[in-house]
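Q: Take a look at this one; I'll ask things after.
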Amino acid sequence: MSETEYAIGRHCGVTFAGLKVASLVNLHRGEGEVIRRLARGFRRKGFSFVCLRTEKERQVLYIYNEEELRRLLFSAEVRAFLEGYGYHYETAAEAVTQLRDRMEGEFPHEIGVFLGYPLCDVRGFIADPCGCLYCGAWKVYRDVTGARRTFERYKRCSACICRHMQNGRSLAEIFRISD
């Protein structure tokens, strides 16, 4: 298994497993065929792979469940929040394109919404990046108990996927996709 496939499994497996709407992974450039092969296989399961940012040696890949992201982005509260940041979209893919366009400089703080973080925590981070109550997969500003449970589920899921990969199983085998 390539380093790229392992990194995608480690960082995005929770998304493939249905625990998270989307994930980011920072990859070395140069293994485009591995990414294209995985993207084709996971596309049949409703996932999209989008390169949000490319630098000299690295690229940031955003992997999302299309239906879950659509449901999230079209909720009234999230849509109103994103409109406040200049997002105007008719499809989830349009919103992702606008996010990609904003990735030129610093990471836009609203990216947390696209990763499925609770809106109250995204707002909290924007208002006070250092004032969180707890830090795990994201900075938590309200429901620490619920966030800790979520972080533990992510950790257990990721560890299970990594064990399978270390034992020689590919992501295609783990998630039953065809290459």
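Residue numbering restarts at 1 in every chain; chains get A, B, ... in the order shown in the structure tokens, and ligands count up from 1 in that same order.
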Excluding Gly136 of chain A and any residue of its chain fewer than 4 positions from it, enumerate the residues within 9 Å of it, using only C-alpha atoms, and give them as a list in words.
A: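 Residues meeting the cut-off are Val140, Ala147, Arg148 and Phe151 of chain A.
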Q: From the DSSP assignment of the backbone, select every residue of chain A that is alpha helix (DSSP H), and format the answer as a PyMOL selection string.
A: chain A and resi 3-16+32-43+66-73+76-83+92-102+111-114+119-127+144-166+171-174
Q: Atom CA of Phe42 of chain A to atom CA of Ile177 of chain A: how many Å, to one decimal?
A: 6.5 Å
Q: Can you list, as a ChimeraX atom specification, every protein, DNA or RNA residue that comes within 9 Å of His109 of chain A when you count only C-alpha atoms, leaving out same-chain residues fewer than 6 positions away?
A: /A:122-123,125-126
Q: Could you state the separation of atom CA of Gln59 of chain A and atom CA of Glu33 of chain A in Å, given to one decimal place?
A: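 Interatomic distance, atom CA of Gln59 of chain A to atom CA of Glu33 of chain A: 14.1 Å.
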Q: Would you pick out the contacts of Asn65 of chain A at 8 Å or less, using only C-alpha atoms, so that residues sharing its chain but fewer than 3 positions from it are not included, and give the list as a ChimeraX atom specification?
A: /A:15-16,21-22,46-48,68-69
Q: Between A:Arg53, A:Arg176, A:Ala137, A:Glu106, which residue has the minimum interatomic distance to His11 of chain A, considering only C-alpha atoms?
A: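 For His11 of chain A, the nearest of the candidates is A:Ala137.
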Q: Tell me which protein, DNA and RNA residues are within 10 Å of Tyr6 of chain A, counting only C-alpha atoms, leaving out same-chain ones fewer than 5 positions away, and put them as a ChimeraX atom specification.
A: /A:1,11-13,161-162,165-166,170-171
Q: Calculated over only C-alpha atoms, which of the candidates A:Gly18, A:Gly168, A:Gly131, A:Gly84 has the smallest distance to Glu110 of chain A?
A: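 The shortest atom-to-atom distance to Glu110 of chain A comes from A:Gly84.
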Q: Which value, in Å to one decimal, gives the distance between atom CA of Arg153 of chain A and atom CA of His28 of chain A?
A: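 Going from atom CA of Arg153 of chain A over to atom CA of His28 of chain A covers 27.5 Å.
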Q: Skipping near chain neighbours, those fewer than 4 positions away, what residues fall within 8 Å of Asn26 of chain A using only C-alpha atoms, listed as a list in words?
A: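 My list of contacting residues is Arg58, Gln59, Val60 and Leu61 of chain A.
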Q: Could you take the residues named above and write them with C-alpha atoms, as an mmCIF file, in the first residue's frame?
A:
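And here's again_22.cif as it stands now:
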```
data_model
loop_
_atom_site.group_PDB
_atom_site.id
_atom_site.type_symbol
_atom_site.label_atom_id
_atom_site.label_comp_id
_atom_site.auth_asym_id
_atom_site.auth_seq_id
_atom_site.Cartn_x
_atom_site.Cartn_y
_atom_site.Cartn_z
ATOM 1 C CA ARG A 58 2.000 19.201 -1.073
ATOM 2 C CA GLN A 59 -1.693 19.191 -1.815
ATOM 3 C CA VAL A 60 -4.740 19.420 0.453
ATOM 4 C CA LEU A 61 -7.429 16.924 -0.497
#
```
Q: May I ask which of the residues A:Val113, A:Ala95, A:Ala172, A:Met103 is the closest one to Ser23 of chain A, counting only C-alpha atoms?
A: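 Distance minimum relative to Ser23 of chain A lands on A:Val113.
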Q: Within segment 91-155 of chain A, find each residue whose DSSP state, derived from the backbone, is strand (DSSP E), and express the selection as a count of residues only.
A: 4
Q: May I ask which of the residues A:Lys139, A:Arg102, A:Arg70, A:Lys20 is the closest one to Cys157 of chain A, counting only C-alpha atoms?
A: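 Ranking A:Lys139, A:Arg102, A:Arg70, A:Lys20 by distance to Cys157 of chain A, first place goes to A:Lys20.
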Q: Could you tell me which of A:Val50, A:Leu82, A:Ala93, A:Ile35 comes closest to Glu3 of chain A if we count only C-alpha atoms?
A: A:Ile35
Q: Please list as a PyMOL selection string every residue within 10 Å of Leu99 of chain A, counting only C-alpha atoms and excluding residues in the same chain fewer than 5 positions away.
A: chain A and resi 52+87+93-94+104+107-108+110-111+114
Q: Ranking A:Ala7, A:Phe49, A:Leu24, A:Glu152 by minimum distance to Arg37 of chain A and counting only C-alpha atoms, which one comes first?
A: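 Using only C-alpha atoms, the shortest distance to Arg37 of chain A belongs to A:Phe49.
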